[in-house]
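Have a look at the structure below before the remarks.
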There are 2 protein chains.
Amino acid sequence: MIQELQKIVGETNVVTRKEQMLNYLTDESPAAIRPKPADDLALVKPANTQQISNIMQLADKHHIAVYPRGAGTGLVGGAIPTRNGIILSLERLDKVDIDTDNMMAIAEAGVTLEKLATTANASGLSFPPHPGDENAQVGGLVATNAGGSRAVRHGVMRNQVRAIEVVLPNGQVVTLGAKVHKNNVGYDLMQLLIGSEGTLGIITKATLRLYPKSEATLTLLVPFDNRRDALSVVPKILQNASTPLAVEYVDKELVERTAKHLGANWPVTTGKYYLIIIMAEADTDRVLSESLKVATICSKHTTYETFVAEPKRDQDNILRIRSNIYVILKNETLDILDITVPPAALEKVIESIEEVALAHKAYLPVYGHAADGNLHIHIMRDQEAIVDSVRDEIYRIAVKAGGVITGEHGIGKTRASKLSSFVSSEELELMRKIKAAFDPNNILNPGTKLQL
Amino acid sequence: MIQELQKIVGETNVVTRKEQMLNYLTDESPAAIRPKPADDLALVKPANTQQISNIMQLADKHHIAVYPRGAGTGLVGGAIPTRNGIILSLERLDKVDIDTDNMMAIAEAGVTLEKLATTANASGLSFPPHPGDENAQVGGLVATNAGGSRAVRHGVMRNQVRAIEVVLPNGQVVTLGAKVHKNNVGYDLMQLLIGSEGTLGIITKATLRLYPKSEATLTLLVPFDNRRDALSVVPKILQNASTPLAVEYVDKELVERTAKHLGANWPVTTGKYYLIIIMAEADTDRVLSESLKVATICSKHTTYETFVAEPKRDQDNILRIRSNIYVILKNETLDILDITVPPAALEKVIESIEEVALAHKAYLPVYGHAADGNLHIHIMRDQEAIVDSVRDEIYRIAVKAGGVITGEHGIGKTRASKLSSFVSSEELELMRKIKAAFDPNNILNPGTKLQL
């Protein structure tokens with residue numbers, strides 16, 4: 001088998017020694033819940049779609065599990081190879097072309113988010129969504145339908161995708177979608193592949209929508225004395241001002257602790273809860289007037305003034321602190337949740353989570369993407385004995401509020417067992433049939449999303 | 001069977017006399033290509049989801065074809081009942097609720113586009129997409145993933161849908177999606193249902209995203225001497241100004257003929273080709289400054305001044321003429337196409353269509369949604385002998401340019417035979433398996449989209 005793989009991708013692109021593939025056996029999921037990789041694995045680094053097709057033909061014939069892999073920035077073990085087989089890294093497919101006239105990027109699966117954004121910028125356009133770690137790769141971003149803080153204005157990855165090239169489990173190569181904005185030919189298989197977490201096909205290339213550049217941004221920091229005020233102002237902003245790029249909710253304890261850890265300063269001392277609102281517009285006048293609108297709306301719900309960060313380093317400082325909340329909590333985290341609820345239900349949902357914390361005498365830090373109703377909740381190290389029940393209680397709170405158990409991170413392997421509790425049996429049955437239609441031998445990322 | 005149906009929906013809601021169901025046997029497809037309805041049909045008007053579930057259980061048990069029906073505004077015979085069975089009209093499911101805080105509408109399938117937009121407006125919000133005839137119903141709009149002229153800024157129906165309630169062919173009722181903006185739980189069956197044209201399930205309710213009101217609109221009319229200039233300016237507008245609500249392309253002959261027919265006046269006399277650009281912004285200052293930006297961009301590509309319509313009646317006049325192009329051509333039309341290509345390919349594609357017209361000595365009026373690369377081409381009555389070859393040539397032109405054979409109208413019944421020519425056999429096979437997974441007895445809208 002190894003020889004066959006070497007024939008396809010060349011000897012140097014097949015790695016069999018475990019110590020040389022350690023980075024490919026893990027992801028960013030907390031260690032406590034991270035699935036254990038299998039023992040007998042070959043890491044393969046194909047150079048192109050044809051090689052991937054050949055690998056899949058081989059794997060399908062011999063019923064060998066294949067784990068497609070991007071940058072491994074996922075949080076639910078989705079890319080971890082839990083059965084003996086092949087790790088298929090897309091890293092060498094790293095070409096990106098910008099079609100300026102059609103305002104689209106054609107990016108191979110291994111292109112990083114950073115490279116995509118930089119290349120778009122160099123062509124006078126932009127890719128404003130920021131669905132995760134900048135090392136994340138396009139294939140993974142599409143396969144997981146990544147979200148992130150800037151989905152407020154432009155939506156999640158799904159909204160950006162116009163076409164994908166896919167290698168099916170049997171090695172067939174199909175292009176789903178087209179470089180068009182309207183497409184009603186047959187069932188939309190592309191939409192089905194988006195968010196399928198590497199279980200239906202290997203995404204090798206994606207055509208993504210680009211946007212005009214927003215030349216001027218401001219970051220507003222709005223302090224509130226209580227959470228209810230902070231959260232109740234969000235719909236008012238969305239209803240009455242230009243849609244911000246991001247509307248984040250954090251609390252004083254989390255940001256001050258993070259700032260301290262970074263040796264940075266949280267720029268305001270007033271208030272206990274904050275909204276971080278990123279405004280982006282075509283020019284300075286516009287961003288100022290829209291920010292004023294937002295500050296005026298906020299002023300009706302807080303006694304504190306809105307802090308406006310304009311110099312890039314000040315804006316970056318706020319964002320850096322926000323982004324590092326996860327980093328400083330990470331080592332003490334047993335699990336990080338990403339429930340998503342109707343935005344107007346946030347206040348009630350956080351209250352319910354506090355009740356869970358109280359009942360279990362647990363510390364459950366909560367922050368998130370307020371305008372999306374998307375909360376991150378950490379279950380912390382000292383809660384090992386109750387992690388399962390706390391998680392389930394929070395999942396139930398989300399679903400009861402009309403929400404879902406995961407808005408961003410997906411099901412992966414850490415949540416695969418939860419699907420049957422939170423998805424109806426009718427839907428599960430349809431999902432299983434779809435999986436069987438694409439991957440009858442269950443070789444693609446087995447153990448993820450659907451247990452066949 | 002009729003008695004069983006009467007038991008479910010009440011006697012008065014089962015119609016069996018053909019003369020009382022004439023409006024339910026047709027759609028807006030041109031008469032020349034319109035499929036012939038079957039002879040033995042019962043029209044059923046259920047009041048709610050439960051009744052629909054009961055009807056489907058009955059139909060599935062006896063393998064009776066069911067044709068879900070909205071307003072019948074489709075153009076490809078999708079809703080026409082071509083086999084003996086049941087016409088299931090959603091018209092009585094016409095309730096719509098607005099969730100202001102979450103900025104969403106919860107609309108039953110029979111709610112018209114007009115009612116949806118009006119109700120949203122009355123709640124201080126808006127539904128700016130305008131995917132078709134205002135009589136079109138929500139269920140049909142979602143089932144066909146309708147597009148329309150205002151998709152430029154907000155996208156097609158798919159982008160607006162957050163959740164749907166669906167009755168599966170076996171009568172099971174499922175809710176797919178949720179009142180959330182991010183959702184990564186399992187395969188996205190909701191996305192699969194959107195655009196499935198009533199072949200996988202009956203959409204009974206949809207949760208749709210709403211937007212803030214745009215208080216100020218302007219309609220710009222930009223005349224050009226040649227088509228190349230008109231079309232080449234479109235990407236420049238999209239790259240450098242606030243995204244318009246609509247960017248339409250028309251020519252002098254079509255608009256003047258339409259205006260004459262309506263007893264209206266096309267407001268400019270200069271130029272041979274026009275862009276109609278609808279700008280919508282939060283306030284008058286903003287819409288003026290953005291319109292000025294657009295006009296300045298256009299001025300580099302035409303010697304003519306941009307005509308700016310501000311009074312509502314002037315804007316309505318332009319739109320009315322644009323909307324009625326279809327109406328005046330309709331009676332002479334054998335087929336209306338809706339190919340969609342990469343926007344920057346429009347000029348070449350129209351040139352190729354002109355070559356087809358020349359070769360066949362045929363008149364092929366062309367107009368469309370320029371920013372979406374979405375063209376409407378009419379094949380006219382005097383071309384009866386060549387309609388099939390002209391259509392196929394235009395389809396091939398679209399696909400060769402990287403586009404698709406239908407961006408808006410869908411496959412329906414008039415194009416079902418084309419799927420195999422323009423979709424790969426691998427994809428068709430997957431689609432067939434998906435259809436079989438949802439509807440093993442092939443009772444739901446048979447003859448549409450996929451021939452099982």
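Every chain in the structure tokens takes a letter, A first, then B, and so on in the order presented; its residues are numbered from 1, and the ligands are numbered from 1 following the presented order.
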Skip segment 320-336 of chain A itself and residues of its chain fewer than 6 positions away, then list as an NGL selection string all residues within 9 Å of it, counting only C-alpha atoms. :A and (29-33 or 75-76 or 248 or 250 or 254-259 or 261-262 or 264-266 or 276 or 365 or 367 or 376-384 or 387 or 391)
How would the residues just picked look written out with C-alpha atoms as a PDB file, in the first residue's frame?
```pdb
ATOM      1  CA  SER A  29      -9.591  20.692  20.487  1.00  0.00           C
ATOM      2  CA  PRO A  30      -8.947  20.771  24.235  1.00  0.00           C
ATOM      3  CA  ALA A  31      -6.701  17.889  25.304  1.00  0.00           C
ATOM      4  CA  ALA A  32      -9.299  16.505  27.694  1.00  0.00           C
ATOM      5  CA  ILE A  33     -11.780  15.706  24.941  1.00  0.00           C
ATOM      6  CA  LEU A  75     -11.893  22.483  17.835  1.00  0.00           C
ATOM      7  CA  VAL A  76     -13.895  19.255  17.681  1.00  0.00           C
ATOM      8  CA  GLU A 248     -18.577  40.984  20.112  1.00  0.00           C
ATOM      9  CA  VAL A 250     -17.085  40.204  26.498  1.00  0.00           C
ATOM     10  CA  LEU A 254     -12.134  38.036  30.967  1.00  0.00           C
ATOM     11  CA  VAL A 255     -10.622  40.978  29.118  1.00  0.00           C
ATOM     12  CA  GLU A 256      -8.630  42.271  32.083  1.00  0.00           C
ATOM     13  CA  ARG A 257      -7.240  38.848  32.818  1.00  0.00           C
ATOM     14  CA  THR A 258      -6.314  38.413  29.149  1.00  0.00           C
ATOM     15  CA  ALA A 259      -4.808  41.893  28.891  1.00  0.00           C
ATOM     16  CA  HIS A 261      -1.489  37.962  30.504  1.00  0.00           C
ATOM     17  CA  LEU A 262      -0.509  39.730  27.276  1.00  0.00           C
ATOM     18  CA  ALA A 264      -1.491  44.839  27.327  1.00  0.00           C
ATOM     19  CA  ASN A 265      -4.014  47.394  28.533  1.00  0.00           C
ATOM     20  CA  TRP A 266      -7.747  47.167  28.189  1.00  0.00           C
ATOM     21  CA  ILE A 276     -16.722  45.513  20.767  1.00  0.00           C
ATOM     22  CA  PRO A 365     -16.692  31.884  31.191  1.00  0.00           C
ATOM     23  CA  TYR A 367     -18.283  35.476  25.535  1.00  0.00           C
ATOM     24  CA  HIS A 376     -18.501  30.499  23.433  1.00  0.00           C
ATOM     25  CA  ILE A 377     -18.693  28.841  26.818  1.00  0.00           C
ATOM     26  CA  HIS A 378     -15.690  27.187  28.413  1.00  0.00           C
ATOM     27  CA  ILE A 379     -16.059  24.218  30.690  1.00  0.00           C
ATOM     28  CA  MET A 380     -12.988  24.443  32.899  1.00  0.00           C
ATOM     29  CA  ARG A 381     -10.481  21.960  34.216  1.00  0.00           C
ATOM     30  CA  ASP A 382     -11.879  21.796  37.750  1.00  0.00           C
ATOM     31  CA  GLN A 383     -15.153  20.525  36.311  1.00  0.00           C
ATOM     32  CA  GLU A 384     -13.948  17.160  35.053  1.00  0.00           C
ATOM     33  CA  VAL A 387     -18.309  18.156  32.137  1.00  0.00           C
ATOM     34  CA  ARG A 391     -22.387  20.364  28.388  1.00  0.00           C
TER      35      ARG A 391
END
```
Skipping near chain neighbours, those fewer than 3 positions away, what residues fall within 12 Å of His63 of chain B using only C-alpha atoms, listed as an mmCIF file with N, CA and C atoms, in the first residue's frame?
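Result file out.cif:
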```cif
data_model
loop_
_atom_site.group_PDB
_atom_site.id
_atom_site.type_symbol
_atom_site.label_atom_id
_atom_site.label_comp_id
_atom_site.auth_asym_id
_atom_site.auth_seq_id
_atom_site.Cartn_x
_atom_site.Cartn_y
_atom_site.Cartn_z
ATOM 1 N N MET B 1 -60.722 7.520 -2.481
ATOM 2 C CA MET B 1 -59.601 8.449 -2.302
ATOM 3 C C MET B 1 -60.107 9.880 -2.061
ATOM 4 N N ILE B 55 -52.310 14.049 4.232
ATOM 5 C CA ILE B 55 -52.455 13.834 2.785
ATOM 6 C C ILE B 55 -51.267 13.033 2.255
ATOM 7 N N MET B 56 -50.066 13.392 2.704
ATOM 8 C CA MET B 56 -48.869 12.712 2.199
ATOM 9 C C MET B 56 -48.832 11.252 2.647
ATOM 10 N N GLN B 57 -49.270 10.997 3.872
ATOM 11 C CA GLN B 57 -49.310 9.595 4.324
ATOM 12 C C GLN B 57 -50.217 8.764 3.421
ATOM 13 N N LEU B 58 -51.355 9.372 3.106
ATOM 14 C CA LEU B 58 -52.316 8.709 2.235
ATOM 15 C C LEU B 58 -51.714 8.494 0.839
ATOM 16 N N ALA B 59 -51.131 9.546 0.310
ATOM 17 C CA ALA B 59 -50.584 9.485 -1.053
ATOM 18 C C ALA B 59 -49.426 8.490 -1.135
ATOM 19 N N ASP B 60 -48.602 8.506 -0.102
ATOM 20 C CA ASP B 60 -47.431 7.623 -0.122
ATOM 21 C C ASP B 60 -47.862 6.152 -0.060
ATOM 22 N N VAL B 66 -48.212 13.723 -6.006
ATOM 23 C CA VAL B 66 -48.665 14.953 -5.354
ATOM 24 C C VAL B 66 -47.879 16.125 -5.941
ATOM 25 N N ARG B 83 -49.005 14.226 -14.100
ATOM 26 C CA ARG B 83 -49.497 12.856 -13.935
ATOM 27 C C ARG B 83 -50.761 12.877 -13.093
ATOM 28 N N ASN B 84 -51.574 11.906 -13.247
ATOM 29 C CA ASN B 84 -52.789 11.835 -12.446
ATOM 30 C C ASN B 84 -52.430 11.816 -10.959
ATOM 31 N N GLY B 85 -53.194 12.558 -10.176
ATOM 32 C CA GLY B 85 -52.894 12.592 -8.751
ATOM 33 C C GLY B 85 -53.491 13.823 -8.096
ATOM 34 N N ILE B 86 -52.759 14.381 -7.135
ATOM 35 C CA ILE B 86 -53.271 15.444 -6.281
ATOM 36 C C ILE B 86 -52.514 16.745 -6.532
ATOM 37 N N PRO B 169 -42.194 13.248 1.928
ATOM 38 C CA PRO B 169 -43.144 12.460 1.137
ATOM 39 C C PRO B 169 -43.898 11.404 1.952
ATOM 40 N N ASN B 170 -43.301 10.892 3.010
ATOM 41 C CA ASN B 170 -44.003 9.886 3.813
ATOM 42 C C ASN B 170 -44.878 10.507 4.904
ATOM 43 N N ASP B 439 -37.725 10.312 -1.317
ATOM 44 C CA ASP B 439 -39.017 10.017 -1.945
ATOM 45 C C ASP B 439 -38.935 8.697 -2.710
ATOM 46 N N PRO B 440 -38.806 7.596 -1.974
ATOM 47 C CA PRO B 440 -38.566 6.313 -2.633
ATOM 48 C C PRO B 440 -39.682 5.913 -3.600
ATOM 49 N N ASN B 441 -40.896 6.381 -3.372
ATOM 50 C CA ASN B 441 -41.994 6.013 -4.259
ATOM 51 C C ASN B 441 -42.210 7.013 -5.386
ATOM 52 N N ASN B 442 -41.324 8.028 -5.431
ATOM 53 C CA ASN B 442 -41.380 9.034 -6.501
ATOM 54 C C ASN B 442 -42.769 9.625 -6.662
ATOM 55 N N ILE B 443 -43.344 10.047 -5.535
ATOM 56 C CA ILE B 443 -44.695 10.620 -5.614
ATOM 57 C C ILE B 443 -44.678 12.144 -5.643
ATOM 58 N N LEU B 444 -43.557 12.759 -5.274
ATOM 59 C CA LEU B 444 -43.569 14.210 -5.109
ATOM 60 C C LEU B 444 -43.106 14.919 -6.387
ATOM 61 N N PRO B 446 -43.558 14.358 -9.609
ATOM 62 C CA PRO B 446 -42.847 13.546 -10.597
ATOM 63 C C PRO B 446 -42.843 14.226 -11.968
#
```
Closest-contact table, segment 341-432 of chain B side, partner segment 179-195 of chain A, 6 Å, counting only C-alpha atoms, as CSV:
```
residue,atom,partner,partner_atom,distance
B:Val341,CA,A:Val180,CA,5.7
B:Pro342,CA,A:Val180,CA,5.1
B:Asp372,CA,A:His181,CA,5.7
B:Thr406,CA,A:Asn184,CA,5.7
B:Gly407,CA,A:Asn183,CA,4.1
B:Gly410,CA,A:Asn184,CA,4.9
```
Selected residues written out, N, CA and C atoms, as a compact mmCIF listing (two decimals), in the first residue's frame:
```
# COMPACT_ATOMS: atom_id res chain seq x y z
N VAL B 341 -23.90 33.58 -16.26
CA VAL B 341 -22.48 33.41 -16.56
C VAL B 341 -21.65 34.31 -15.64
N PRO B 342 -20.34 34.08 -15.58
CA PRO B 342 -19.52 35.02 -14.82
C PRO B 342 -19.78 36.43 -15.36
N ASP B 372 -25.41 40.25 -11.92
CA ASP B 372 -25.44 38.82 -11.61
C ASP B 372 -24.98 37.96 -12.78
N THR B 406 -29.38 27.58 -16.12
CA THR B 406 -30.45 28.31 -15.43
C THR B 406 -29.98 28.88 -14.10
N GLY B 407 -30.12 30.17 -13.95
CA GLY B 407 -29.73 30.83 -12.71
C GLY B 407 -30.93 31.14 -11.84
N GLY B 410 -34.93 27.64 -12.86
CA GLY B 410 -34.84 26.24 -12.44
C GLY B 410 -35.05 25.27 -13.60
```
Would you please give, as a short mmCIF file (atom, residue, chain, number, x, y, z; two decimals) with N, CA and C atoms, in the first residue's frame, all residues of segment 198-356 of chain B that DSSP assigns to helix (DSSP H, G or I) based on the backbone?
```cif
data_model
loop_
_atom_site.label_atom_id
_atom_site.label_comp_id
_atom_site.auth_asym_id
_atom_site.auth_seq_id
_atom_site.Cartn_x
_atom_site.Cartn_y
_atom_site.Cartn_z
N ARG B 227 -22.67 48.30 -26.42
CA ARG B 227 -22.92 47.35 -25.35
C ARG B 227 -21.69 47.08 -24.52
N ARG B 228 -20.54 47.03 -25.23
CA ARG B 228 -19.29 46.73 -24.53
C ARG B 228 -19.07 47.71 -23.37
N ASP B 229 -19.27 49.00 -23.67
CA ASP B 229 -19.08 50.01 -22.62
C ASP B 229 -20.07 49.80 -21.48
N ALA B 230 -21.32 49.54 -21.85
CA ALA B 230 -22.36 49.37 -20.82
C ALA B 230 -21.99 48.23 -19.87
N LEU B 231 -21.54 47.13 -20.45
CA LEU B 231 -21.29 45.95 -19.61
C LEU B 231 -19.95 46.03 -18.87
N SER B 232 -18.98 46.69 -19.51
CA SER B 232 -17.66 46.73 -18.87
C SER B 232 -17.64 47.65 -17.65
N VAL B 233 -18.63 48.52 -17.55
CA VAL B 233 -18.65 49.42 -16.41
C VAL B 233 -19.19 48.72 -15.14
N VAL B 234 -19.90 47.63 -15.33
CA VAL B 234 -20.56 46.98 -14.19
C VAL B 234 -19.58 46.52 -13.10
N PRO B 235 -18.51 45.78 -13.46
CA PRO B 235 -17.56 45.40 -12.40
C PRO B 235 -16.94 46.60 -11.70
N LYS B 236 -16.75 47.68 -12.45
CA LYS B 236 -16.14 48.87 -11.84
C LYS B 236 -17.06 49.49 -10.78
N ILE B 237 -18.35 49.46 -11.06
CA ILE B 237 -19.30 49.94 -10.05
C ILE B 237 -19.25 49.04 -8.82
N LEU B 238 -19.27 47.75 -9.05
CA LEU B 238 -19.30 46.81 -7.92
C LEU B 238 -18.02 46.89 -7.09
N GLN B 239 -16.91 47.22 -7.75
CA GLN B 239 -15.63 47.29 -7.03
C GLN B 239 -15.45 48.58 -6.26
N ASN B 240 -16.13 49.63 -6.70
CA ASN B 240 -15.77 50.95 -6.19
C ASN B 240 -16.88 51.75 -5.53
N LYS B 252 -32.37 49.91 -26.24
CA LYS B 252 -33.32 50.94 -26.64
C LYS B 252 -34.57 50.34 -27.30
N GLU B 253 -34.34 49.41 -28.21
CA GLU B 253 -35.46 48.84 -28.94
C GLU B 253 -36.49 48.23 -27.99
N LEU B 254 -36.00 47.46 -27.02
CA LEU B 254 -36.90 46.79 -26.09
C LEU B 254 -37.65 47.77 -25.19
N VAL B 255 -36.94 48.73 -24.65
CA VAL B 255 -37.61 49.64 -23.70
C VAL B 255 -38.57 50.58 -24.42
N GLU B 256 -38.20 51.01 -25.62
CA GLU B 256 -39.11 51.94 -26.33
C GLU B 256 -40.37 51.21 -26.78
N ARG B 257 -40.19 49.98 -27.22
CA ARG B 257 -41.35 49.20 -27.62
C ARG B 257 -42.27 48.95 -26.41
N THR B 258 -41.65 48.63 -25.29
CA THR B 258 -42.44 48.38 -24.08
C THR B 258 -43.14 49.65 -23.60
N ALA B 259 -42.39 50.76 -23.61
CA ALA B 259 -42.97 52.03 -23.16
C ALA B 259 -44.18 52.39 -24.02
N LYS B 260 -44.03 52.22 -25.32
CA LYS B 260 -45.12 52.54 -26.24
C LYS B 260 -46.36 51.69 -25.91
N HIS B 261 -46.11 50.43 -25.71
CA HIS B 261 -47.19 49.51 -25.38
C HIS B 261 -47.92 49.93 -24.10
N LEU B 262 -47.17 50.46 -23.15
CA LEU B 262 -47.75 50.85 -21.86
C LEU B 262 -48.32 52.26 -21.90
N THR B 284 -30.93 60.27 2.55
CA THR B 284 -30.82 60.99 1.28
C THR B 284 -29.38 61.39 0.96
N ASP B 285 -28.68 61.90 1.95
CA ASP B 285 -27.28 62.29 1.72
C ASP B 285 -26.47 61.13 1.17
N ARG B 286 -26.63 60.02 1.83
CA ARG B 286 -25.86 58.83 1.48
C ARG B 286 -26.21 58.35 0.06
N VAL B 287 -27.50 58.31 -0.24
CA VAL B 287 -27.88 57.79 -1.56
C VAL B 287 -27.41 58.75 -2.65
N LEU B 288 -27.39 60.03 -2.32
CA LEU B 288 -26.89 61.00 -3.30
C LEU B 288 -25.39 60.82 -3.52
N SER B 289 -24.65 60.69 -2.45
CA SER B 289 -23.20 60.60 -2.61
C SER B 289 -22.80 59.28 -3.29
N GLU B 290 -23.50 58.20 -2.98
CA GLU B 290 -23.18 56.93 -3.64
C GLU B 290 -23.59 56.96 -5.11
N SER B 291 -24.71 57.60 -5.39
CA SER B 291 -25.15 57.70 -6.78
C SER B 291 -24.17 58.55 -7.59
N LEU B 292 -23.66 59.58 -6.96
CA LEU B 292 -22.66 60.42 -7.63
C LEU B 292 -21.42 59.59 -7.96
N LYS B 293 -21.03 58.74 -7.02
CA LYS B 293 -19.89 57.85 -7.25
C LYS B 293 -20.14 56.98 -8.48
N VAL B 294 -21.33 56.41 -8.52
CA VAL B 294 -21.67 55.52 -9.65
C VAL B 294 -21.68 56.31 -10.96
N ALA B 295 -22.30 57.48 -10.92
CA ALA B 295 -22.39 58.29 -12.14
C ALA B 295 -20.99 58.69 -12.62
N THR B 296 -20.10 58.99 -11.69
CA THR B 296 -18.74 59.36 -12.05
C THR B 296 -18.01 58.19 -12.72
N ILE B 297 -18.19 57.01 -12.15
CA ILE B 297 -17.59 55.82 -12.76
C ILE B 297 -18.13 55.64 -14.19
N CYS B 298 -19.44 55.77 -14.33
CA CYS B 298 -20.06 55.58 -15.64
C CYS B 298 -19.59 56.63 -16.64
N SER B 299 -19.36 57.84 -16.14
CA SER B 299 -19.01 58.94 -17.07
C SER B 299 -17.70 58.66 -17.80
N LYS B 312 -40.77 59.22 -6.69
CA LYS B 312 -41.18 57.82 -6.74
C LYS B 312 -41.81 57.45 -8.08
N ARG B 313 -42.65 58.34 -8.60
CA ARG B 313 -43.36 57.98 -9.86
C ARG B 313 -42.37 57.84 -11.02
N ASP B 314 -41.29 58.64 -10.99
CA ASP B 314 -40.29 58.52 -12.06
C ASP B 314 -39.52 57.21 -11.93
N GLN B 315 -39.18 56.86 -10.70
CA GLN B 315 -38.48 55.60 -10.49
C GLN B 315 -39.39 54.42 -10.86
N ASP B 316 -40.65 54.54 -10.44
CA ASP B 316 -41.60 53.47 -10.75
C ASP B 316 -41.80 53.31 -12.25
N ASN B 317 -41.80 54.43 -12.95
CA ASN B 317 -41.99 54.40 -14.41
C ASN B 317 -40.89 53.58 -15.09
N ILE B 318 -39.66 53.82 -14.69
CA ILE B 318 -38.53 53.09 -15.28
C ILE B 318 -38.66 51.59 -14.97
N LEU B 319 -38.95 51.30 -13.72
CA LEU B 319 -39.08 49.89 -13.31
C LEU B 319 -40.23 49.20 -14.00
N ARG B 320 -41.31 49.96 -14.16
CA ARG B 320 -42.49 49.39 -14.80
C ARG B 320 -42.16 49.01 -16.24
N ILE B 321 -41.45 49.88 -16.92
CA ILE B 321 -41.06 49.56 -18.30
C ILE B 321 -40.13 48.34 -18.30
N ARG B 322 -39.15 48.34 -17.41
CA ARG B 322 -38.24 47.19 -17.35
C ARG B 322 -39.00 45.88 -17.08
N SER B 323 -39.93 45.94 -16.13
CA SER B 323 -40.65 44.72 -15.75
C SER B 323 -41.57 44.23 -16.84
N ASN B 324 -42.03 45.16 -17.67
CA ASN B 324 -43.01 44.76 -18.68
C ASN B 324 -42.39 44.30 -19.99
N ILE B 325 -41.07 44.32 -20.09
CA ILE B 325 -40.44 43.77 -21.30
C ILE B 325 -40.92 42.34 -21.49
N TYR B 326 -40.88 41.60 -20.40
CA TYR B 326 -41.33 40.21 -20.47
C TYR B 326 -42.78 40.12 -20.91
N VAL B 327 -43.60 40.99 -20.33
CA VAL B 327 -45.03 40.93 -20.60
C VAL B 327 -45.34 41.18 -22.08
N ILE B 328 -44.67 42.19 -22.67
CA ILE B 328 -45.01 42.46 -24.07
C ILE B 328 -44.44 41.40 -25.02
N LEU B 329 -43.35 40.76 -24.62
CA LEU B 329 -42.79 39.72 -25.49
C LEU B 329 -43.51 38.39 -25.32
N LYS B 330 -44.16 38.24 -24.17
CA LYS B 330 -44.68 36.96 -23.73
C LYS B 330 -45.51 36.21 -24.78
N PRO B 343 -20.10 37.39 -14.51
CA PRO B 343 -20.52 38.71 -15.00
C PRO B 343 -19.57 39.31 -16.05
N ALA B 344 -18.28 39.10 -15.90
CA ALA B 344 -17.34 39.69 -16.84
C ALA B 344 -17.40 39.03 -18.22
N ALA B 345 -18.10 37.91 -18.33
CA ALA B 345 -18.21 37.22 -19.61
C ALA B 345 -19.43 37.69 -20.41
N LEU B 346 -20.22 38.59 -19.83
CA LEU B 346 -21.50 38.96 -20.45
C LEU B 346 -21.35 39.44 -21.89
N GLU B 347 -20.38 40.35 -22.12
CA GLU B 347 -20.22 40.93 -23.45
C GLU B 347 -19.99 39.84 -24.49
N LYS B 348 -19.05 38.97 -24.20
CA LYS B 348 -18.74 37.88 -25.14
C LYS B 348 -19.94 36.96 -25.33
N VAL B 349 -20.64 36.69 -24.27
CA VAL B 349 -21.79 35.79 -24.35
C VAL B 349 -22.89 36.41 -25.22
N ILE B 350 -23.14 37.69 -25.02
CA ILE B 350 -24.18 38.34 -25.84
C ILE B 350 -23.74 38.36 -27.31
N GLU B 351 -22.45 38.60 -27.54
CA GLU B 351 -21.94 38.56 -28.92
C GLU B 351 -22.21 37.18 -29.54
N SER B 352 -21.92 36.16 -28.79
CA SER B 352 -22.14 34.80 -29.31
C SER B 352 -23.62 34.54 -29.58
N ILE B 353 -24.47 35.09 -28.71
CA ILE B 353 -25.92 34.92 -28.93
C ILE B 353 -26.34 35.64 -30.21
N GLU B 354 -25.73 36.80 -30.44
CA GLU B 354 -26.04 37.53 -31.68
C GLU B 354 -25.61 36.72 -32.91
N GLU B 355 -24.50 36.02 -32.77
CA GLU B 355 -24.06 35.18 -33.90
C GLU B 355 -25.07 34.06 -34.15
N VAL B 356 -25.60 33.51 -33.07
CA VAL B 356 -26.64 32.48 -33.22
C VAL B 356 -27.86 33.08 -33.94
#
```
Excluding Leu113 of chain B and its own-chain neighbours fewer than 3 positions away, which residues fall within 9 Å of it when counting only C-alpha atoms? Please give them as a ChimeraX atom specification. /B:116-118,130-138,141
Using only C-alpha atoms, which residues sit within 12 Å of Gly124 of chain A once same-chain residues fewer than 5 positions away are excluded, as a list in words?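 The neighbour list is Ile98, Asp99, Thr100, Asp101, Met103, Met104, Ala117, Thr118, Thr119, Leu210, Tyr211, Pro212, Lys213, Ser214 and Glu215 of chain A; Lys236, Gln239 and Asn240 of chain B.
Take the candidates B:Thr112, B:Asn102, B:Thr199, B:Asn226 and check each one against chain A using only C-alpha atoms; the shortest distance goes to B:Asn102.
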Asn374 of chain B surroundings by only C-alpha atoms, 6 Å radius, close-in-sequence under 5 positions cut, as a short mmCIF file (atom, residue, chain, number, x, y, z; two decimals) with C-alpha atoms, in the first residue's frame:
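As written to disk, result.cif reads:
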```cif
data_model
loop_
_atom_site.label_atom_id
_atom_site.label_comp_id
_atom_site.auth_asym_id
_atom_site.auth_seq_id
_atom_site.Cartn_x
_atom_site.Cartn_y
_atom_site.Cartn_z
CA ILE B 339 -28.62 31.50 -18.45
CA THR B 340 -26.17 32.86 -15.90
CA GLY B 368 -31.13 40.89 -17.81
CA HIS B 369 -29.54 41.27 -14.42
#
```
